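Asker: Sharing query.tsv below, TSV, C-alpha atoms and all ligand atoms:
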```tsv
chain	number	residue	atom	x	y	z
A	1	MET	CA	-44.45	47.93	-35.88
A	2	ARG	CA	-46.99	45.30	-36.98
A	3	ILE	CA	-46.00	41.69	-36.74
A	4	LEU	CA	-47.72	38.63	-38.05
A	5	VAL	CA	-46.89	35.61	-35.90
A	6	THR	CA	-47.75	32.18	-37.31
A	7	GLY	CA	-48.29	29.33	-34.84
A	8	GLY	CA	-48.73	31.78	-31.97
A	9	ALA	CA	-51.06	29.40	-30.10
A	10	GLY	CA	-48.37	26.73	-29.74
A	11	PHE	CA	-45.67	26.35	-27.12
A	12	ILE	CA	-42.92	28.72	-28.33
A	13	GLY	CA	-45.18	30.97	-30.45
A	14	SER	CA	-47.43	31.72	-27.47
A	15	ALA	CA	-44.42	32.53	-25.27
A	16	PHE	CA	-43.24	34.93	-27.99
A	17	VAL	CA	-46.68	36.57	-28.33
A	18	ARG	CA	-46.99	36.98	-24.54
A	19	MET	CA	-43.53	38.55	-24.43
A	20	ILE	CA	-44.08	40.96	-27.35
A	21	VAL	CA	-47.57	42.06	-26.30
A	22	SER	CA	-46.52	42.70	-22.71
A	23	GLU	CA	-43.13	44.32	-23.44
A	24	THR	CA	-43.76	46.41	-26.59
A	25	GLY	CA	-46.46	48.56	-28.17
A	26	TRP	CA	-46.28	46.51	-31.38
A	27	GLU	CA	-49.46	45.26	-33.01
A	28	VAL	CA	-49.53	41.48	-33.16
A	29	THR	CA	-51.73	39.25	-35.29
A	30	ASN	CA	-51.54	35.58	-34.36
A	31	PHE	CA	-52.41	33.35	-37.34
A	32	ASP	CA	-52.88	29.75	-36.23
A	33	LYS	CA	-54.83	26.75	-37.49
A	34	LEU	CA	-55.39	25.45	-33.92
A	35	THR	CA	-54.24	21.89	-34.53
A	36	TYR	CA	-54.03	19.54	-31.54
A	37	ALA	CA	-50.94	21.58	-30.49
A	38	GLY	CA	-52.55	25.02	-30.70
A	39	ASN	CA	-54.33	26.23	-27.58
A	40	LEU	CA	-55.79	29.71	-27.06
A	41	GLU	CA	-55.69	29.12	-23.31
A	42	ASN	CA	-51.94	29.77	-23.62
A	43	LEU	CA	-52.79	33.38	-24.52
A	44	GLY	CA	-55.29	34.14	-21.76
A	45	SER	CA	-53.01	36.83	-20.30
A	46	VAL	CA	-52.95	38.89	-23.52
A	47	GLU	CA	-56.18	38.07	-25.36
A	48	HIS	CA	-57.98	41.26	-24.27
A	49	ARG	CA	-55.10	43.61	-25.12
A	50	PRO	CA	-56.04	45.98	-27.99
A	51	SER	CA	-52.66	45.44	-29.70
A	52	TYR	CA	-53.34	41.68	-30.04
A	53	ARG	CA	-55.71	39.77	-32.28
A	54	PHE	CA	-56.17	36.15	-33.26
A	55	VAL	CA	-57.05	34.92	-36.77
A	56	GLN	CA	-57.71	31.23	-37.24
A	57	GLY	CA	-56.28	29.87	-40.50
A	58	ASP	CA	-53.98	27.46	-42.26
A	59	ILE	CA	-50.59	28.67	-43.54
A	60	ALA	CA	-51.02	26.34	-46.53
A	61	ASP	CA	-54.26	28.15	-47.51
A	62	GLU	CA	-53.08	30.57	-50.18
A	63	GLY	CA	-56.29	32.66	-50.19
A	64	ALA	CA	-56.33	33.19	-46.43
A	65	VAL	CA	-52.60	33.93	-46.24
A	66	ASN	CA	-52.72	36.44	-49.10
A	67	ALA	CA	-55.78	38.20	-47.73
A	68	LEU	CA	-54.02	38.70	-44.40
A	69	VAL	CA	-50.54	39.62	-45.66
A	70	GLY	CA	-51.88	41.80	-48.51
A	71	GLY	CA	-54.67	43.38	-46.45
A	72	TRP	CA	-52.90	44.03	-43.13
A	73	LYS	CA	-49.40	44.61	-44.56
A	74	PRO	CA	-47.27	43.50	-41.59
A	75	ASP	CA	-43.78	44.95	-41.13
A	76	ALA	CA	-42.56	41.48	-40.26
A	77	ILE	CA	-43.64	37.85	-40.32
A	78	VAL	CA	-42.32	35.61	-37.55
A	79	HIS	CA	-42.97	32.08	-38.71
A	80	PHE	CA	-43.34	29.46	-35.95
A	81	ALA	CA	-46.24	27.39	-37.32
A	82	ALA	CA	-45.24	23.79	-37.92
A	83	GLU	CA	-45.99	20.21	-37.16
A	84	SER	CA	-43.22	20.05	-34.57
A	85	HIS	CA	-43.06	16.52	-33.18
A	86	VAL	CA	-40.61	13.90	-34.47
A	87	ASP	CA	-42.58	10.85	-33.26
A	88	ARG	CA	-45.80	12.07	-34.88
A	89	SER	CA	-43.86	12.77	-38.11
A	90	ILE	CA	-42.73	9.13	-38.10
A	91	LEU	CA	-46.28	7.83	-37.53
A	92	SER	CA	-47.96	10.23	-40.05
A	93	PRO	CA	-45.62	12.27	-42.30
A	94	GLU	CA	-48.31	13.80	-44.56
A	95	PRO	CA	-49.45	16.76	-42.40
A	96	VAL	CA	-45.79	17.49	-41.62
A	97	ILE	CA	-44.88	17.83	-45.27
A	98	ARG	CA	-48.02	19.84	-46.02
A	99	THR	CA	-47.60	22.38	-43.24
A	100	ASN	CA	-43.83	22.63	-42.92
A	101	LEU	CA	-43.00	22.63	-46.63
A	102	HIS	CA	-46.10	23.78	-48.49
A	103	GLY	CA	-47.20	26.10	-45.68
A	104	THR	CA	-43.81	27.80	-45.56
A	105	PHE	CA	-43.80	28.12	-49.35
A	106	THR	CA	-47.26	29.75	-49.25
A	107	LEU	CA	-46.12	32.29	-46.66
A	108	LEU	CA	-42.89	33.08	-48.50
A	109	GLU	CA	-44.83	33.66	-51.72
A	110	ALA	CA	-47.25	36.02	-49.95
A	111	ALA	CA	-44.32	37.89	-48.38
A	112	ARG	CA	-42.67	38.20	-51.79
A	113	ARG	CA	-45.86	39.35	-53.53
A	114	HIS	CA	-46.62	41.98	-50.87
A	115	ALA	CA	-42.97	42.98	-50.25
A	116	THR	CA	-42.99	42.20	-46.51
A	117	PRO	CA	-39.95	44.02	-45.05
A	118	ARG	CA	-38.85	41.16	-42.73
A	119	PHE	CA	-39.40	37.38	-42.67
A	120	LEU	CA	-38.02	35.51	-39.67
A	121	HIS	CA	-38.11	31.77	-40.27
A	122	VAL	CA	-37.92	29.63	-37.11
A	123	SER	CA	-35.91	26.52	-37.88
A	124	THR	CA	-34.19	23.92	-35.69
A	125	ASP	CA	-30.81	22.40	-34.85
A	126	GLU	CA	-32.27	19.05	-36.00
A	127	VAL	CA	-31.48	20.07	-39.58
A	128	TYR	CA	-27.78	19.37	-38.84
A	129	GLY	CA	-28.54	15.78	-37.82
A	130	SER	CA	-26.54	13.75	-35.33
A	131	LEU	CA	-22.98	14.89	-34.56
A	132	GLU	CA	-20.14	12.88	-33.02
A	133	PRO	CA	-18.52	14.50	-29.96
A	134	PRO	CA	-16.81	16.95	-29.75
A	135	LEU	CA	-18.33	18.43	-32.94
A	136	GLU	CA	-20.68	21.42	-32.64
A	137	ALA	CA	-22.77	22.67	-35.57
A	138	VAL	CA	-22.06	26.16	-36.85
A	139	GLU	CA	-24.32	27.92	-39.34
A	140	THR	CA	-22.26	26.71	-42.32
A	141	SER	CA	-22.25	23.04	-41.23
A	142	PRO	CA	-23.81	20.56	-43.67
A	143	LEU	CA	-27.50	19.67	-43.25
A	144	ASN	CA	-28.14	16.00	-42.52
A	145	PRO	CA	-31.73	15.55	-41.33
A	146	SER	CA	-32.97	12.10	-40.27
A	147	SER	CA	-36.74	12.19	-39.66
A	148	PRO	CA	-39.65	13.38	-41.82
A	149	TYR	CA	-39.92	16.29	-39.36
A	150	SER	CA	-36.29	17.38	-39.59
A	151	ALA	CA	-36.19	16.82	-43.36
A	152	SER	CA	-39.27	19.03	-43.75
A	153	LYS	CA	-37.64	21.70	-41.57
A	154	ALA	CA	-34.40	21.49	-43.58
A	155	GLY	CA	-36.43	21.86	-46.79
A	156	SER	CA	-38.35	24.89	-45.52
A	157	ASP	CA	-35.17	26.43	-44.10
A	158	LEU	CA	-33.43	26.12	-47.50
A	159	LEU	CA	-36.52	27.41	-49.29
A	160	ALA	CA	-36.55	30.48	-47.04
A	161	ARG	CA	-32.88	31.05	-47.82
A	162	SER	CA	-33.55	30.70	-51.56
A	163	TYR	CA	-36.13	33.54	-51.34
A	164	PHE	CA	-33.38	35.79	-50.03
A	165	VAL	CA	-30.83	34.71	-52.64
A	166	THR	CA	-33.24	34.72	-55.58
A	167	TYR	CA	-35.81	37.40	-54.78
A	168	LYS	CA	-33.96	39.45	-52.16
A	169	LEU	CA	-36.77	38.82	-49.66
A	170	PRO	CA	-35.30	40.02	-46.33
A	171	VAL	CA	-35.19	36.63	-44.62
A	172	VAL	CA	-33.49	35.77	-41.30
A	173	ILE	CA	-33.30	32.09	-40.29
A	174	THR	CA	-32.92	30.81	-36.72
A	175	ARG	CA	-31.93	27.26	-35.73
A	176	ALA	CA	-32.67	26.57	-32.07
A	177	SER	CA	-31.99	23.60	-29.84
A	178	ASN	CA	-34.53	21.72	-27.64
A	179	ASN	CA	-36.85	24.13	-25.86
A	180	TYR	CA	-38.57	23.47	-22.55
A	181	GLY	CA	-40.75	25.49	-20.18
A	182	PRO	CA	-44.43	26.21	-19.36
A	183	TYR	CA	-47.24	25.39	-21.82
A	184	GLN	CA	-45.26	22.74	-23.76
A	185	PHE	CA	-47.54	20.01	-25.09
A	186	PRO	CA	-46.94	16.83	-23.07
A	187	GLU	CA	-45.75	14.79	-26.05
A	188	LYS	CA	-42.17	16.15	-25.86
A	189	LEU	CA	-39.62	14.65	-23.45
A	190	ILE	CA	-39.67	17.06	-20.51
A	191	PRO	CA	-43.42	17.79	-20.17
A	192	LEU	CA	-44.32	14.15	-20.86
A	193	MET	CA	-41.95	12.91	-18.18
A	194	ILE	CA	-43.10	15.57	-15.68
A	195	ALA	CA	-46.78	14.78	-16.31
A	196	ASN	CA	-46.21	11.03	-15.95
A	197	ALA	CA	-43.98	11.38	-12.88
A	198	LEU	CA	-46.50	13.61	-11.09
A	199	GLU	CA	-49.09	10.83	-11.62
A	200	ASP	CA	-46.66	8.02	-10.63
A	201	ARG	CA	-46.85	6.59	-14.16
A	202	PRO	CA	-43.90	4.95	-15.96
A	203	LEU	CA	-41.45	7.19	-17.88
A	204	PRO	CA	-40.88	5.65	-21.34
A	205	VAL	CA	-37.17	6.04	-22.21
A	206	TYR	CA	-36.28	5.28	-25.84
A	207	GLY	CA	-33.34	2.89	-26.33
A	208	ASP	CA	-30.55	3.31	-23.79
A	209	GLY	CA	-31.49	6.90	-22.90
A	210	MET	CA	-27.97	8.16	-23.65
A	211	GLN	CA	-29.03	10.41	-26.54
A	212	VAL	CA	-27.79	13.96	-26.01
A	213	ARG	CA	-29.81	17.16	-26.47
A	214	ASP	CA	-28.95	20.82	-25.80
A	215	TRP	CA	-31.63	22.44	-23.57
A	216	LEU	CA	-32.85	26.01	-24.04
A	217	TYR	CA	-35.43	27.70	-21.78
A	218	VAL	CA	-38.30	28.93	-23.97
A	219	GLU	CA	-38.07	32.57	-22.78
A	220	ASP	CA	-34.36	32.66	-23.70
A	221	HIS	CA	-35.30	31.42	-27.17
A	222	CYS	CA	-37.94	34.16	-27.51
A	223	ARG	CA	-35.48	36.87	-26.44
A	224	ALA	CA	-33.06	35.68	-29.11
A	225	ILE	CA	-35.79	35.79	-31.76
A	226	ARG	CA	-36.73	39.30	-30.74
A	227	ALA	CA	-33.08	40.41	-30.91
A	228	LEU	CA	-32.75	38.89	-34.39
A	229	LEU	CA	-36.05	40.37	-35.56
A	230	GLU	CA	-34.64	43.78	-34.68
A	231	ARG	CA	-30.93	43.33	-35.40
A	232	GLY	CA	-30.34	40.11	-37.38
A	233	ARG	CA	-28.66	40.59	-40.76
A	234	GLU	CA	-30.74	39.83	-43.86
A	235	GLY	CA	-30.00	36.49	-45.48
A	236	GLU	CA	-28.18	35.22	-42.39
A	237	ILE	CA	-28.68	32.08	-40.32
A	238	TYR	CA	-28.28	32.12	-36.51
A	239	ASN	CA	-27.97	29.14	-34.16
A	240	ILE	CA	-29.69	29.54	-30.78
A	241	GLY	CA	-28.54	27.07	-28.12
A	242	GLY	CA	-28.82	26.83	-24.35
A	243	ASN	CA	-25.20	25.76	-24.04
A	244	ARG	CA	-26.36	22.84	-21.88
A	245	SER	CA	-25.92	19.40	-23.46
A	246	LEU	CA	-27.26	16.51	-21.39
A	247	PRO	CA	-28.04	12.82	-21.98
A	248	ASN	CA	-31.76	12.11	-21.67
A	249	LEU	CA	-31.22	9.88	-18.62
A	250	GLU	CA	-29.57	12.75	-16.78
A	251	VAL	CA	-32.50	15.05	-17.56
A	252	ILE	CA	-34.91	12.39	-16.32
A	253	GLY	CA	-32.80	11.74	-13.20
A	254	GLN	CA	-32.90	15.44	-12.27
A	255	LEU	CA	-36.61	15.59	-12.98
A	256	LEU	CA	-37.33	12.59	-10.73
A	257	ALA	CA	-35.21	14.09	-7.94
A	258	LEU	CA	-37.06	17.44	-8.18
A	259	THR	CA	-40.49	15.77	-8.19
A	260	GLY	CA	-39.47	13.46	-5.33
A	261	LYS	CA	-40.30	10.34	-7.37
A	262	PRO	CA	-38.28	7.09	-7.55
A	263	GLN	CA	-35.90	6.11	-10.38
A	264	SER	CA	-37.89	2.88	-10.62
A	265	LEU	CA	-40.51	4.81	-12.65
A	266	ILE	CA	-38.09	4.65	-15.62
A	267	GLN	CA	-39.27	2.14	-18.23
A	268	TYR	CA	-36.92	1.36	-21.14
A	269	VAL	CA	-38.89	0.96	-24.39
A	270	PRO	CA	-37.81	0.24	-28.01
A	271	ASP	CA	-35.92	3.09	-29.63
A	272	ARG	CA	-37.31	5.75	-31.98
A	273	PRO	CA	-36.57	4.70	-35.61
A	274	GLY	CA	-33.68	6.75	-37.05
A	275	HIS	CA	-33.07	8.31	-33.62
A	276	ASP	CA	-30.38	11.02	-33.73
A	277	ARG	CA	-27.78	10.29	-31.07
A	278	ARG	CA	-26.46	13.74	-30.33
A	279	TYR	CA	-27.22	17.38	-31.16
A	280	ALA	CA	-24.78	20.14	-30.30
A	281	LEU	CA	-24.48	23.65	-31.65
A	282	SER	CA	-22.49	26.83	-31.24
A	283	SER	CA	-24.36	30.12	-30.67
A	284	GLU	CA	-21.16	32.13	-31.00
A	285	LYS	CA	-22.44	34.14	-34.00
A	286	LEU	CA	-25.66	35.18	-32.22
A	287	ILE	CA	-23.74	36.15	-29.08
A	288	ARG	CA	-21.13	38.12	-31.02
A	289	GLU	CA	-23.67	40.04	-33.13
A	290	THR	CA	-26.43	40.73	-30.60
A	291	GLY	CA	-24.95	40.27	-27.11
A	292	TRP	CA	-27.71	37.72	-26.32
A	293	ARG	CA	-26.93	35.02	-23.76
A	294	PRO	CA	-29.18	32.41	-22.16
A	295	GLN	CA	-30.30	33.72	-18.76
A	296	VAL	CA	-32.04	30.69	-17.27
A	297	ASP	CA	-29.77	27.79	-16.34
A	298	PHE	CA	-31.07	24.25	-16.69
A	299	GLU	CA	-31.55	23.44	-12.98
A	300	ASN	CA	-33.52	26.64	-12.44
A	301	GLY	CA	-35.51	26.28	-15.65
A	302	LEU	CA	-36.40	22.67	-14.89
A	303	ALA	CA	-37.52	23.54	-11.35
A	304	ARG	CA	-39.67	26.42	-12.69
A	305	THR	CA	-41.15	24.14	-15.34
A	306	ILE	CA	-42.03	21.43	-12.82
A	307	ASP	CA	-43.68	24.05	-10.58
A	308	TRP	CA	-45.71	25.28	-13.53
A	309	TYR	CA	-46.95	21.78	-14.39
A	310	ARG	CA	-47.76	21.08	-10.73
A	311	GLY	CA	-49.90	24.23	-10.70
A	312	HIS	CA	-51.59	23.51	-14.05
A	313	ALA	CA	-52.90	19.96	-13.70
A	314	ALA	CA	-56.22	21.01	-15.24
A	315	TRP	CA	-54.45	22.44	-18.32
A	316	VAL	CA	-52.56	19.16	-18.73
A	317	GLU	CA	-55.75	17.14	-18.35
A	318	ARG	CA	-57.58	19.26	-20.94
A	319	VAL	CA	-54.84	19.06	-23.61
A	320	ARG	CA	-54.42	15.32	-22.98
A	321	SER	CA	-58.09	14.46	-23.41
A	322	GLY	CA	-59.49	13.11	-26.67
A	323	ALA	CA	-57.06	12.65	-29.55
A	324	TYR	CA	-53.99	12.64	-27.27
A	325	ARG	CA	-55.05	9.27	-25.89
A	326	ASP	CA	-55.13	7.77	-29.42
A	327	TYR	CA	-51.65	9.17	-30.11
A	328	TYR	CA	-50.29	7.83	-26.82
A	329	GLU	CA	-51.61	4.38	-27.63
A	330	ARG	CA	-50.23	4.46	-31.22
A	331	ASN	CA	-46.77	5.65	-30.17
A	332	TYR	CA	-46.25	3.89	-26.85
A	333	GLY	CA	-48.65	0.90	-27.02
A	334	ALA	CA	-46.67	-0.55	-29.93
A	335	ARG	CA	-43.52	-0.22	-27.78
A	336	GLY	CA	-45.05	-2.30	-25.02
A	337	ALA	CA	-45.19	0.72	-22.71
A	338	VAL	CA	-47.87	0.91	-20.04
A	339	PRO	CA	-50.96	2.68	-21.48
A	340	ARG	CA	-52.21	5.88	-19.90
A	401	LIG	P1	-46.05	23.47	-31.27
A	401	LIG	O1	-46.34	22.14	-31.89
A	401	LIG	O2	-46.21	23.63	-29.81
A	401	LIG	O3	-46.97	24.59	-31.96
A	401	LIG	C1	-47.17	24.66	-33.33
A	401	LIG	C2	-48.29	25.67	-33.59
A	401	LIG	O4	-48.46	25.77	-35.03
A	401	LIG	C3	-49.64	25.25	-33.02
A	401	LIG	O5	-50.26	26.34	-32.40
A	401	LIG	C4	-50.42	24.80	-34.25
A	401	LIG	O6	-51.83	24.97	-34.12
A	401	LIG	C5	-49.83	25.69	-35.33
A	401	LIG	N1	-49.98	25.11	-36.68
A	401	LIG	C6	-49.66	23.85	-37.07
A	401	LIG	N2	-49.95	23.68	-38.37
A	401	LIG	C7	-50.44	24.87	-38.80
A	401	LIG	C8	-50.90	25.33	-40.07
A	401	LIG	N3	-50.94	24.53	-41.14
A	401	LIG	N4	-51.31	26.61	-40.17
A	401	LIG	C9	-51.31	27.44	-39.08
A	401	LIG	N5	-50.90	27.04	-37.87
A	401	LIG	C10	-50.47	25.78	-37.73
A	401	LIG	O7	-44.58	23.84	-31.75
A	401	LIG	P2	-43.40	24.55	-30.95
A	401	LIG	O8	-42.68	23.55	-30.16
A	401	LIG	O9	-43.93	25.78	-30.32
A	401	LIG	O10	-42.44	24.94	-32.18
A	401	LIG	C11	-42.63	26.18	-32.88
A	401	LIG	C12	-41.60	26.28	-33.98
A	401	LIG	O11	-40.29	26.21	-33.42
A	401	LIG	C13	-41.67	25.16	-35.02
A	401	LIG	O12	-41.41	25.72	-36.28
A	401	LIG	C14	-40.56	24.20	-34.61
A	401	LIG	O13	-40.06	23.50	-35.72
A	401	LIG	C15	-39.53	25.19	-34.08
A	401	LIG	N6	-38.61	24.66	-33.07
A	401	LIG	C16	-39.09	24.00	-31.97
A	401	LIG	C17	-38.20	23.57	-30.99
A	401	LIG	C18	-38.70	22.85	-29.76
A	401	LIG	O14	-37.86	22.34	-28.99
A	401	LIG	N7	-39.99	22.77	-29.50
A	401	LIG	C19	-36.82	23.80	-31.13
A	401	LIG	C20	-36.37	24.46	-32.29
A	401	LIG	C21	-37.27	24.90	-33.23
A	402	LIG	O1	-33.67	19.97	-31.35
A	402	LIG	C1	-34.79	20.78	-31.59
A	402	LIG	C2	-36.01	19.90	-31.72
A	402	LIG	O2	-36.27	19.40	-30.42
A	402	LIG	C3	-37.24	20.62	-32.27
A	402	LIG	O3	-36.98	21.00	-33.60
A	402	LIG	C4	-38.48	19.73	-32.21
A	402	LIG	O4	-39.62	20.47	-32.60
A	402	LIG	C5	-38.65	19.22	-30.80
A	402	LIG	O5	-39.72	18.31	-30.76
A	402	LIG	C6	-37.37	18.55	-30.30
A	402	LIG	O6	-37.12	17.30	-30.98
A	402	LIG	P1	-36.59	16.01	-30.17
A	402	LIG	O7	-36.93	14.80	-30.95
A	402	LIG	O8	-35.19	16.18	-29.73
A	402	LIG	O9	-37.52	16.17	-28.87
A	402	LIG	P2	-38.38	15.14	-28.00
A	402	LIG	O10	-38.83	15.91	-26.81
A	402	LIG	O11	-39.40	14.42	-28.80
A	402	LIG	O12	-37.28	14.09	-27.55
A	402	LIG	C7	-36.11	14.50	-26.83
A	402	LIG	C8	-35.28	13.26	-26.58
A	402	LIG	O13	-35.99	12.39	-25.67
A	402	LIG	C9	-35.02	12.42	-27.81
A	402	LIG	O14	-33.73	11.83	-27.71
A	402	LIG	C10	-36.09	11.32	-27.73
A	402	LIG	C11	-36.23	11.10	-26.23
A	402	LIG	N1	-37.59	10.66	-25.79
A	402	LIG	C12	-38.65	11.42	-26.15
A	402	LIG	C13	-39.93	11.04	-25.77
A	402	LIG	C14	-41.13	11.86	-26.17
A	402	LIG	C15	-37.72	9.52	-25.00
A	402	LIG	O15	-36.74	8.84	-24.64
A	402	LIG	N2	-38.98	9.14	-24.62
A	402	LIG	C16	-40.09	9.85	-24.98
A	402	LIG	O16	-41.23	9.43	-24.62
```
Go through the file and emit its structure as structure tokens.
Answerer:
Amino acid sequence: MRILVTGGAGFIGSAFVRMIVSETGWEVTNFDKLTYAGNLENLGSVEHRPSYRFVQGDIADEGAVNALVGGWKPDAIVHFAAESHVDRSILSPEPVIRTNLHGTFTLLEAARRHATPRFLHVSTDEVYGSLEPPLEAVETSPLNPSSPYSASKAGSDLLARSYFVTYKLPVVITRASNNYGPYQFPEKLIPLMIANALEDRPLPVYGDGMQVRDWLYVEDHCRAIRALLERGREGEIYNIGGNRSLPNLEVIGQLLALTGKPQSLIQYVPDRPGHDRRYALSSEKLIRETGWRPQVDFENGLARTIDWYRGHAAWVERVRSGAYRDYYERNYGARGAVPR
């Protein structure tokens, strides 16, 4: 089996590549533009394996995508590449639209032209938008995205589905909840709060901090994707959730307790515009059809993640140098938060 992974130098994509290269004999090509979020250091453990190779490129570059898909003829494309951060999508929507919409279109077209036998599109629970309790999204729930990021993901998700309906391209779509774990770029809630807490810096909580997210350990997400790559039904959508909904303040409280830092580090800052209050989803279909279940509970996963960040201070420092400082100032300076 030959698989083309897009965005394999990012947080979830690199976890998936590490898992596939170490657990299977499949050939893997990682196609990644190496934006600020892409980091080949994440792949140090597999980079010398003969079944793995890296190709730098942009999924919105039709020539490069066609040369790779037409020349190498993968058995499957697993499409992670995206601009993945809501706050950045609010500050600068253009790259989000270009990569998430046009990039996905370019890949789908290449897969159609070269008759790729499998296209797994990695989408998100954010496409369902905010849900009042006790509602949980199922795969047929309406889409109601709020941010440029989630709207671009909803658009690409629907486009992928249309390639199945119209052209019979064998597409499978996954919609996962909030991932956390090692190698996550410290712009997302958990790694940002861990990195700040470990340096005794303030933890910027948006609004009242009572927004609810469902937390999924990254390796559980990757196992679900592998199961669906092998056994997911063509044209179907599958939710992937950690079955662990928590308000942000509770996540931060646990994180402070585990790092041994005081609650007084919490700094309330103005809310994210259009902030979704609550995500919740049912993974019943995935469980019923594949037998998958999350294996890492939140307390364990959070402790493992904190240990990883404690042991990788140099990694954090490297990814936070340069452009990260400008982003931090643009996003948090305007909120009156303490600068890094
Ligand atoms: P990430 O930001 O850590 O990584 C994205 C990767 O894509 C990077 O390596 C980057 O260099 C690459 N990339 C960006 N634009 C590209 C382009 N034009 N061409 C080629 N490569 C490009 O993202 P992540 O958190 O690992 O998310 C991966 C996927 O999973 C995304 O599609 C995201 O929408 C989805 N998702 C993420 C979460 C989450 O909680 N992080 C949850 C559900 C779904
Ligand atoms: O639900 C899946 C989605 O989860 C993925 O599709 C996205 O790629 C991923 O970024 C994530 O989106 P969120 O917006 O939920 O994640 P983020 O980590 O940015 O924020 C989680 C919650 O924490 C959210 O309610 C906003 C809040 N937050 C976040 C940051 C970065 C804060 O209060 N302060 C912060 O500094």
Asker: When you look at Arg161 in chain A with a cut-off of 9 Å (counting only C-alpha atoms), what residues show up, excluding the ones that are within fewer than 6 positions of it in the same chain? I need them as a count of residues only.
Answerer: 7
Asker: Please, which residues in range 151-213 of chain A fall within 8 Å of range 270-289 of chain A when counting all atoms listed in the file, and what is the closest atom pair and distance in Å to one decimal for each, ordered by chain then residue number, as JSON lines?
Answerer:
```
{"residue": "A:Ser177", "atom": "CA", "partner": "A:Leu281", "partner_atom": "CA", "distance": 7.7}
{"residue": "A:Tyr206", "atom": "CA", "partner": "A:Asp271", "partner_atom": "CA", "distance": 4.4}
{"residue": "A:Gly207", "atom": "CA", "partner": "A:Asp271", "partner_atom": "CA", "distance": 4.2}
{"residue": "A:Asp208", "atom": "CA", "partner": "A:Asp271", "partner_atom": "CA", "distance": 7.9}
{"residue": "A:Met210", "atom": "CA", "partner": "A:Arg277", "partner_atom": "CA", "distance": 7.7}
{"residue": "A:Gln211", "atom": "CA", "partner": "A:Arg277", "partner_atom": "CA", "distance": 4.7}
{"residue": "A:Val212", "atom": "CA", "partner": "A:Arg278", "partner_atom": "CA", "distance": 4.5}
{"residue": "A:Arg213", "atom": "CA", "partner": "A:Tyr279", "partner_atom": "CA", "distance": 5.4}
```
Asker: Please report, as a tab-separated table, each residue of range 117-163 of chain A lying at most 10 Å from range 73-85 of chain A, together with the nearest pair of atoms and the separation in Å rounded to one decimal; use only C-alpha atoms, and order rows by chain and ascending residue number.
Answerer:
```
residue	atom	partner	partner_atom	distance
A:Pro117	CA	A:Asp75	CA	5.6
A:Arg118	CA	A:Ala76	CA	4.5
A:Phe119	CA	A:Ile77	CA	4.9
A:Leu120	CA	A:Val78	CA	4.8
A:His121	CA	A:His79	CA	5.1
A:Val122	CA	A:Phe80	CA	5.5
A:Ser123	CA	A:Phe80	CA	8.2
A:Thr124	CA	A:Ser84	CA	9.9
A:Pro148	CA	A:His85	CA	9.8
A:Tyr149	CA	A:Ser84	CA	6.9
A:Ser150	CA	A:Ser84	CA	9.0
A:Ser152	CA	A:Glu83	CA	9.5
A:Lys153	CA	A:Ala82	CA	8.7
```
Asker: Need to verify the contact set: Asn331 in chain A, 12 Å, only C-alpha atoms, exclusion of same-chain residues closer than 3 positions in sequence. Can you return it as number ranges by chain?
Answerer: A: 85-92, 187, 204, 206, 269-273, 324-328, 334-340
Asker: Restrict the selected residues to C-alpha atoms and save them as a PDB file, in the frame of the given file.
Answerer:
```
ATOM      1  CA  HIS A  85     -43.060  16.520 -33.180  1.00  0.00           C
ATOM      2  CA  VAL A  86     -40.610  13.900 -34.470  1.00  0.00           C
ATOM      3  CA  ASP A  87     -42.580  10.850 -33.260  1.00  0.00           C
ATOM      4  CA  ARG A  88     -45.800  12.070 -34.880  1.00  0.00           C
ATOM      5  CA  SER A  89     -43.860  12.770 -38.110  1.00  0.00           C
ATOM      6  CA  ILE A  90     -42.730   9.130 -38.100  1.00  0.00           C
ATOM      7  CA  LEU A  91     -46.280   7.830 -37.530  1.00  0.00           C
ATOM      8  CA  SER A  92     -47.960  10.230 -40.050  1.00  0.00           C
ATOM      9  CA  GLU A 187     -45.750  14.790 -26.050  1.00  0.00           C
ATOM     10  CA  PRO A 204     -40.880   5.650 -21.340  1.00  0.00           C
ATOM     11  CA  TYR A 206     -36.280   5.280 -25.840  1.00  0.00           C
ATOM     12  CA  VAL A 269     -38.890   0.960 -24.390  1.00  0.00           C
ATOM     13  CA  PRO A 270     -37.810   0.240 -28.010  1.00  0.00           C
ATOM     14  CA  ASP A 271     -35.920   3.090 -29.630  1.00  0.00           C
ATOM     15  CA  ARG A 272     -37.310   5.750 -31.980  1.00  0.00           C
ATOM     16  CA  PRO A 273     -36.570   4.700 -35.610  1.00  0.00           C
ATOM     17  CA  TYR A 324     -53.990  12.640 -27.270  1.00  0.00           C
ATOM     18  CA  ARG A 325     -55.050   9.270 -25.890  1.00  0.00           C
ATOM     19  CA  ASP A 326     -55.130   7.770 -29.420  1.00  0.00           C
ATOM     20  CA  TYR A 327     -51.650   9.170 -30.110  1.00  0.00           C
ATOM     21  CA  TYR A 328     -50.290   7.830 -26.820  1.00  0.00           C
ATOM     22  CA  ALA A 334     -46.670  -0.550 -29.930  1.00  0.00           C
ATOM     23  CA  ARG A 335     -43.520  -0.220 -27.780  1.00  0.00           C
ATOM     24  CA  GLY A 336     -45.050  -2.300 -25.020  1.00  0.00           C
ATOM     25  CA  ALA A 337     -45.190   0.720 -22.710  1.00  0.00           C
ATOM     26  CA  VAL A 338     -47.870   0.910 -20.040  1.00  0.00           C
ATOM     27  CA  PRO A 339     -50.960   2.680 -21.480  1.00  0.00           C
ATOM     28  CA  ARG A 340     -52.210   5.880 -19.900  1.00  0.00           C
TER      29      ARG A 340
END
```
